[in-house]
Every structure is written in structure tokens, then in C-alpha cells.
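Source file: data28.cif. Holds: mmCIF, C-alpha atoms.
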```
data_upload
#
loop_
_atom_site.label_atom_id
_atom_site.label_comp_id
_atom_site.auth_asym_id
_atom_site.auth_seq_id
_atom_site.Cartn_x
_atom_site.Cartn_y
_atom_site.Cartn_z
CA MET A 291 -1.05 0.97 12.78
CA ARG A 292 -0.26 4.65 12.27
CA ALA A 293 -2.97 7.15 11.41
CA ARG A 294 -1.31 8.25 8.15
CA SER A 295 -1.04 4.68 6.92
CA ALA A 296 -4.62 3.95 8.02
CA LEU A 297 -5.89 6.95 6.06
CA PHE A 298 -4.13 5.72 2.93
CA ASP A 299 -5.77 2.33 3.43
CA LEU A 300 -9.17 3.92 4.01
CA TYR A 301 -9.04 6.12 0.92
CA GLY A 302 -7.61 3.36 -1.26
CA ASP A 303 -9.79 0.45 -0.19
CA HIS A 304 -13.10 2.16 0.61
CA LEU A 305 -13.32 5.81 -0.44
CA ARG A 306 -11.74 5.55 -3.91
CA ALA A 307 -15.02 4.13 -5.23
CA ARG A 308 -17.03 6.76 -3.33
CA GLY A 309 -15.63 9.94 -4.81
CA SER A 310 -12.32 9.78 -2.90
CA GLN A 311 -13.65 12.25 -0.32
CA ALA A 312 -15.37 12.32 3.05
CA PRO A 313 -16.15 14.73 5.88
CA VAL A 314 -13.73 14.80 8.80
CA ALA A 315 -16.40 13.38 11.12
CA ALA A 316 -16.83 10.35 8.85
CA LEU A 317 -13.08 9.76 8.69
CA VAL A 318 -12.93 9.78 12.48
CA ARG A 319 -15.87 7.35 12.76
CA LEU A 320 -14.39 4.99 10.19
CA LEU A 321 -10.99 4.78 11.84
CA ALA A 322 -12.31 4.32 15.38
CA PRO A 323 -12.89 0.54 14.93
CA VAL A 324 -9.22 0.05 14.02
CA GLY A 325 -7.96 1.89 17.07
CA ILE A 326 -7.10 5.32 15.64
CA ALA A 327 -8.20 8.12 17.96
CA ALA A 328 -9.73 11.35 16.65
CA PRO A 329 -6.73 13.62 17.51
CA ALA A 330 -4.38 11.28 15.64
CA VAL A 331 -6.69 11.29 12.60
CA ARG A 332 -6.82 15.09 12.52
CA THR A 333 -3.04 15.42 12.95
CA ALA A 334 -2.40 12.93 10.15
CA ILE A 335 -4.85 14.75 7.86
CA SER A 336 -3.02 18.04 8.42
CA ARG A 337 0.33 16.47 7.59
CA MET A 338 -1.04 14.76 4.49
CA VAL A 339 -2.41 18.09 3.25
CA ILE A 340 1.05 19.63 3.65
CA GLN A 341 2.59 16.66 1.81
CA GLY A 342 0.13 17.00 -1.06
CA TRP A 343 -1.80 13.76 -0.48
CA LEU A 344 -5.11 15.33 0.63
CA GLU A 345 -6.96 18.50 -0.35
CA PRO A 346 -9.57 20.32 1.77
CA VAL A 347 -13.02 20.38 0.25
CA ALA A 348 -16.30 21.97 1.37
CA LEU A 349 -19.02 19.31 1.63
CA PRO A 350 -22.71 19.72 2.53
CA GLU A 351 -21.99 17.93 5.82
CA GLY A 352 -19.05 20.21 6.67
CA ARG A 353 -15.33 20.37 6.07
CA GLY A 354 -13.90 17.33 4.36
CA TYR A 355 -10.86 16.08 2.51
CA ARG A 356 -10.38 14.65 -0.96
CA ALA A 357 -7.49 12.57 -2.28
CA SER A 358 -5.24 14.71 -4.47
CA GLU A 359 -4.30 13.77 -8.01
CA GLN A 360 -0.94 12.60 -6.69
CA ALA A 361 -2.65 10.44 -4.08
CA THR A 362 -5.14 9.04 -6.58
CA ARG A 363 -2.32 7.81 -8.80
CA ARG A 364 -0.61 6.17 -5.82
CA LEU A 365 -3.85 4.62 -4.54
CA ASP A 366 -4.79 3.20 -7.95
CA GLU A 367 -1.33 1.72 -8.41
CA ALA A 368 -1.38 0.26 -4.91
CA ARG A 369 -4.83 -1.22 -5.41
CA GLU A 370 -3.72 -2.85 -8.63
CA ARG A 371 -0.80 -4.45 -6.81
CA ILE A 372 -2.83 -5.46 -3.75
CA TYR A 373 -5.59 -7.18 -5.74
CA ARG A 374 -3.47 -8.37 -8.66
CA ARG A 375 -5.02 -11.55 -10.05
CA ARG A 376 -2.30 -12.49 -12.52
CA GLU A 377 1.40 -11.94 -13.16
CA GLU A 378 2.34 -9.34 -15.76
CA PRO A 379 4.76 -10.34 -18.55
CA TRP A 380 8.34 -9.13 -18.16
CA ASP A 381 10.41 -7.73 -21.02
CA GLY A 382 13.71 -8.94 -19.56
CA HIS A 383 15.09 -5.46 -18.77
CA TRP A 384 16.24 -4.24 -15.37
CA HIS A 385 15.77 -0.58 -14.54
CA LEU A 386 18.83 1.08 -13.00
CA VAL A 387 18.66 4.32 -11.01
CA LEU A 388 21.97 6.11 -10.39
CA LEU A 389 20.93 8.29 -7.49
CA THR A 390 22.15 11.66 -6.28
CA PRO A 391 20.46 11.68 -2.86
CA PRO A 392 19.17 14.77 -1.04
CA GLY A 393 21.28 16.39 1.63
CA ASP A 394 18.61 16.26 4.33
CA ARG A 395 18.73 13.06 6.38
CA SER A 396 14.97 12.74 6.90
CA ALA A 397 14.44 13.25 3.16
CA ARG A 398 16.93 10.45 2.46
CA VAL A 399 15.09 8.10 4.84
CA ARG A 400 11.75 8.88 3.18
CA LEU A 401 13.28 8.48 -0.29
CA ARG A 402 14.63 5.03 0.57
CA ALA A 403 11.19 3.94 1.76
CA ASP A 404 9.52 5.37 -1.36
CA LEU A 405 11.99 3.64 -3.67
CA ALA A 406 11.42 0.32 -1.90
CA TYR A 407 7.67 0.82 -2.28
CA LEU A 408 8.15 1.35 -6.02
CA GLY A 409 9.99 -1.98 -6.25
CA TYR A 410 13.61 -0.81 -6.21
CA ALA A 411 16.46 -2.08 -4.04
CA GLU A 412 19.94 -0.69 -3.49
CA LEU A 413 22.33 -2.81 -5.54
CA SER A 414 25.42 -0.84 -4.50
CA ASP A 415 26.12 2.60 -3.10
CA ALA A 416 23.64 5.04 -4.74
CA VAL A 417 22.74 2.48 -7.45
CA TRP A 418 19.18 1.14 -7.25
CA VAL A 419 17.65 -1.58 -9.38
CA GLY A 420 14.10 -2.67 -10.12
CA PRO A 421 12.43 -5.20 -12.42
CA VAL A 422 10.42 -2.47 -14.19
CA ALA A 423 10.60 1.30 -14.55
CA SER A 424 8.12 2.91 -12.19
CA PRO A 425 6.08 5.82 -13.59
CA GLU A 426 6.14 7.33 -10.09
CA LEU A 427 9.94 7.56 -9.92
CA ALA A 428 10.23 11.13 -11.22
CA GLY A 429 7.67 12.44 -8.73
CA VAL A 430 9.34 10.64 -5.82
CA LEU A 431 12.71 12.16 -6.70
CA VAL A 432 11.26 15.67 -6.99
CA ARG A 433 9.48 15.43 -3.62
CA ALA A 434 12.70 14.26 -1.96
CA GLY A 435 14.87 16.94 -3.59
CA ALA A 436 16.95 14.24 -5.28
CA SER A 437 18.03 13.56 -8.85
CA ALA A 438 19.09 10.50 -10.80
CA ARG A 439 20.25 9.11 -14.09
CA THR A 440 18.42 6.01 -15.28
CA ALA A 441 19.21 3.16 -17.63
CA HIS A 442 17.81 -0.16 -18.81
CA ALA A 443 20.00 -3.26 -18.67
CA ARG A 444 19.39 -6.63 -20.28
CA ASP A 445 21.12 -9.98 -19.77
CA VAL A 446 22.50 -9.04 -16.34
CA ASP A 447 24.57 -12.03 -15.22
CA PRO A 448 23.87 -13.10 -12.58
CA PRO A 449 20.42 -11.49 -12.14
CA PRO A 450 20.60 -8.88 -9.34
CA VAL A 451 18.09 -10.66 -7.11
CA GLU A 452 20.50 -10.55 -4.16
CA ALA A 453 19.57 -6.89 -3.75
CA TRP A 454 16.40 -8.13 -2.04
CA ASP A 455 16.15 -10.34 1.04
CA LEU A 456 14.35 -13.20 -0.67
CA PRO A 457 14.73 -15.72 2.20
CA ALA A 458 12.95 -13.32 4.58
CA LEU A 459 10.30 -12.59 1.97
CA ARG A 460 9.71 -16.31 1.42
CA ALA A 461 9.30 -16.84 5.17
CA SER A 462 6.76 -14.02 5.32
CA TYR A 463 4.73 -15.46 2.45
CA ASP A 464 4.89 -18.97 3.93
CA GLY A 465 3.60 -17.65 7.25
CA TRP A 466 0.90 -15.45 5.76
CA PRO A 467 -2.05 -17.91 5.85
CA GLY A 468 -1.62 -18.46 9.59
CA VAL A 469 -1.20 -14.75 10.28
CA ALA A 470 -4.32 -13.94 8.24
CA ARG A 471 -6.47 -16.61 9.87
CA ASP A 472 -5.52 -15.50 13.38
CA LEU A 473 -6.04 -11.81 12.57
CA VAL A 474 -9.47 -12.31 11.03
CA ALA A 475 -10.67 -14.69 13.75
CA ARG A 476 -9.59 -12.29 16.51
CA HIS A 477 -11.52 -9.36 15.06
CA LEU A 478 -14.63 -11.33 14.12
CA ALA A 479 -14.85 -12.59 17.70
CA ALA A 480 -15.29 -9.02 18.99
CA PRO A 481 -18.69 -8.40 20.60
CA GLY A 482 -21.19 -5.97 19.10
CA ASP A 483 -22.04 -5.07 15.52
CA PRO A 484 -20.87 -7.88 13.17
CA ASP A 485 -20.49 -5.45 10.26
CA ARG A 486 -18.19 -3.30 12.37
CA ALA A 487 -16.18 -6.41 13.29
CA ALA A 488 -15.94 -7.45 9.64
CA PHE A 489 -14.79 -3.95 8.68
CA ALA A 490 -12.05 -4.03 11.32
CA ALA A 491 -11.01 -7.55 10.31
CA ARG A 492 -10.79 -6.66 6.62
CA PHE A 493 -9.06 -3.36 7.32
CA HIS A 494 -6.30 -5.08 9.30
CA LEU A 495 -6.09 -7.86 6.72
CA VAL A 496 -5.52 -5.38 3.89
CA HIS A 497 -3.13 -3.35 6.02
CA GLU A 498 -0.96 -6.39 6.77
CA TRP A 499 -1.03 -7.57 3.15
CA ARG A 500 -0.15 -4.06 2.00
CA LYS A 501 3.19 -4.39 3.80
CA PHE A 502 4.28 -6.79 1.07
CA LEU A 503 4.20 -3.82 -1.31
CA PHE A 504 7.26 -2.49 0.51
CA ALA A 505 9.05 -5.84 0.72
CA ASP A 506 8.20 -7.53 -2.58
CA PRO A 507 9.34 -5.78 -5.78
CA GLY A 508 7.25 -8.12 -7.90
CA LEU A 509 10.24 -9.92 -9.38
CA PRO A 510 9.33 -11.85 -12.53
CA ALA A 511 8.91 -15.61 -12.38
CA GLU A 512 11.93 -16.00 -14.69
CA VAL A 513 14.33 -15.06 -11.87
CA LEU A 514 12.46 -16.66 -8.93
CA PRO A 515 12.52 -20.26 -7.67
CA PRO A 516 9.78 -22.41 -9.25
CA ASP A 517 8.11 -22.96 -5.86
CA TRP A 518 7.90 -19.26 -4.99
CA PRO A 519 4.98 -18.87 -2.49
CA ARG A 520 3.63 -15.46 -3.55
CA ALA A 521 0.76 -16.80 -5.66
CA ALA A 522 -0.54 -19.10 -2.93
CA ALA A 523 -0.39 -16.31 -0.33
CA ALA A 524 -2.18 -13.93 -2.72
CA ARG A 525 -4.99 -16.43 -3.29
CA HIS A 526 -5.51 -16.80 0.46
CA PHE A 527 -5.64 -13.01 0.87
CA ALA A 528 -8.14 -12.62 -1.99
CA VAL A 529 -10.50 -15.27 -0.61
CA GLU A 530 -10.56 -13.70 2.85
CA ALA A 531 -10.84 -10.12 1.56
CA ASP A 532 -13.74 -11.04 -0.73
CA ARG A 533 -15.53 -12.91 2.05
CA LEU A 534 -15.40 -9.90 4.40
CA LYS A 535 -16.16 -7.22 1.81
CA PRO A 536 -20.00 -7.17 1.84
CA ALA A 537 -20.24 -6.62 5.61
CA ALA A 538 -17.36 -4.13 5.58
CA ASP A 539 -19.07 -2.17 2.78
CA ARG A 540 -22.28 -2.00 4.81
CA PHE A 541 -20.39 -0.52 7.75
CA VAL A 542 -18.67 2.07 5.55
CA ALA A 543 -21.97 3.06 3.93
CA GLY A 544 -23.47 3.55 7.39
CA CYS A 545 -20.69 5.92 8.42
CA LEU A 546 -20.82 8.17 5.37
CA PRO A 547 -23.15 11.16 4.90
CA GLY A 548 -26.81 10.32 4.73
CA ALA A 549 -26.60 7.32 7.06
CA ALA A 550 -28.92 7.28 10.03
CA ASP A 551 -26.44 5.74 12.40
CA CYS A 552 -22.82 4.74 12.73
CA ARG A 553 -21.61 3.45 16.06
CA PRO A 554 -17.96 4.37 16.76
#
```
Show how you would write the structure in this file as C-alpha cells.
Amino acid sequence: MRARSALFDLYGDHLRARGSQAPVAALVRLLAPVGIAAPAVRTAISRMVIQGWLEPVALPEGRGYRASEQATRRLDEARERIYRRREEPWDGHWHLVLLTPPGDRSARVRLRADLAYLGYAELSDAVWVGPVASPELAGVLVRAGASARTAHARDVDPPPVEAWDLPALRASYDGWPGVARDLVARHLAAPGDPDRAAFAARFHLVHEWRKFLFADPGLPAEVLPPDWPRAAAARHFAVEADRLKPAADRFVAGCLPGAADCRP
């Protein structure tokens, strides 16, 4: 788990409901149970400020950081996808993005990852397709220094589902319950504070489930096999996440300003 990704998880899953801000010391304490060292946290914070995801803020407890407006939009959208309880209706249109990529190689790599996160896949050279138009697309293109023409297409025959690796995605969903059970059991078996253990277990659970946001575009049921395993995997995730949440919330509350104690 990288510090930048862990900070996104922390702000999205725990701090979004607590003002989306925290002192640096609290961020360090909260990421210690998941194996992120203080220097890595501080380095990631600095980079996320430069990238526009975090903003420095003066708090009574000292210097802190708040999620930017850009980050808040991304976190809210991610949370909706992570904890989605039902499938959204599909209007039958595919969204096409005819991309003019940036010249910088690192920017192209980041753009490809961002487009995959938004649910797009490369259908052919510089042509990306998604099941819905993402409201974040324009911002992603601007940050990458890219441009694109877009279009909506209906009655695409055959449906462009081959742009995604559905066999690999199916295997990941099929294996998810076992992965989740092992992950949670390993962290809950850790000695010491049970709330700390539950926080670490839930944090890793959400982090692993969040990876599906990059692999699964949320294709509509109309173009998926009838036995598609996403719903069953999502139910297993929701049950485990809900079960761990009360103890994890107690640990977070104990690490934020005003708490008497938080053991790293």
C-alpha cells in the first residue's frame, strides 16, 4: 500500500464525514496501523498538495491538511461506487473519447490510469470507450495536458465489451470472498487494541475492494453474462465493512484532536 493511496482511502472513508481535514500528527497516527511510516506520509502529503488534492489549513492543534474541492468530488464519487447498493439504469449509449494524448510520457501513463478509473478502456489506438460519460473527464484531460473529442453511440454491434478483460475481472470477483476473509482474519488476530486491529482490517478491506474501481467500469447488466459475480462480491464486502465499522470509528475518533490517547 502506497502512502498516497492510503491517504485517499483515509480521507474518503473516515475524514470525509469529519470535515475532510486533520492535523499532520493525526494523519501520521492513523496511517501507522496500516504500515505507512511518518516520512512517507509527509512526502505523500507534499506531493498531493502540488497535485491539487490537498490544501494546507491552520488548525488549533497545528498545521493540517484539508481535501480540496477537486479531491472532494473524487472522494464522493469513489465512495458512491465503493458502497453502491444497487445498479443504476443504463440508457443504452456508449461514450466514445477520441483522444489527443499529451507529449510527456509520465503524463500519458497517469492519464491512462485516470481514464481506467473513470470506467473507460482503450477500444483502439487513441479511441476510448465507457458505458457512461464521466463528469470528471474534462478535469482529467486538463490535468494531463490532453484534449479529446467525444461522442455518444447507440446500438454498437457487437457491444465493445472486449475492450475490458472480463475473464480476469470475473476471476477476481470469484476469489474475493476468500481474499476478504483471510485479510480480515489476519488483522483481527493481531495482539493489542482490538479497535486498532479492526481499523487496520477494515482499512485493508476497503483498499483491496477499491482496486475494483480501476478494473471494473461498471458495465450494465444488459451486456454482461447473467451469472456475473459482481453483486455477490459486493454483498460480501458490505457485510464485512459494516461489521468492522463501529470499532474502526472508535479508533479514528481516538486519534483525532481532543482525544486523550491514540496508540500508534
Please write as JSON, numbers by chain the full residue list that the PyMOL selection byres ((chain A and resi 311) around 7) yields on this file.
-> {"A": [305, 309, 310, 312, 354, 355, 356, 357]}
Find the distance between CA of Arg540 in chain A and CA of Val474 in chain A and write it in Å to one decimal.
->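 Separating CA of Arg540 in chain A from CA of Val474 in chain A is a distance of 17.6 Å.
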For the file shown, what are the residues hit by the PyMOL selection byres ((chain A and resi 389) around 10), laid out as number ranges by chain?
-> A: 386-388, 390-392, 412, 415-418, 431, 436-440
Selected by the PyMOL selection byres ((chain A and resi 351) around 9) in the shown coordinates: which residues, as an NGL selection string?
-> :A and (313 or 315 or 348-350 or 352-354 or 547)
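Of note, CA of Leu405 in chain A and CA of Trp518 in chain A are spaced 23.3 Å apart.
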Counting all atoms listed in the file, figure out which residue out of A:Ala543, A:Ala511, A:Val432, A:Ala293 gets nearest to Gly325 in chain A.
->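 Result for the nearest residue to Gly325 in chain A: A:Ala293.
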Point-to-point distance from CA of Asp506 in chain A to CA of Glu530 in chain A, Å rounded to tenths =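 Going from CA of Asp506 in chain A over to CA of Glu530 in chain A, I get 20.5 Å.
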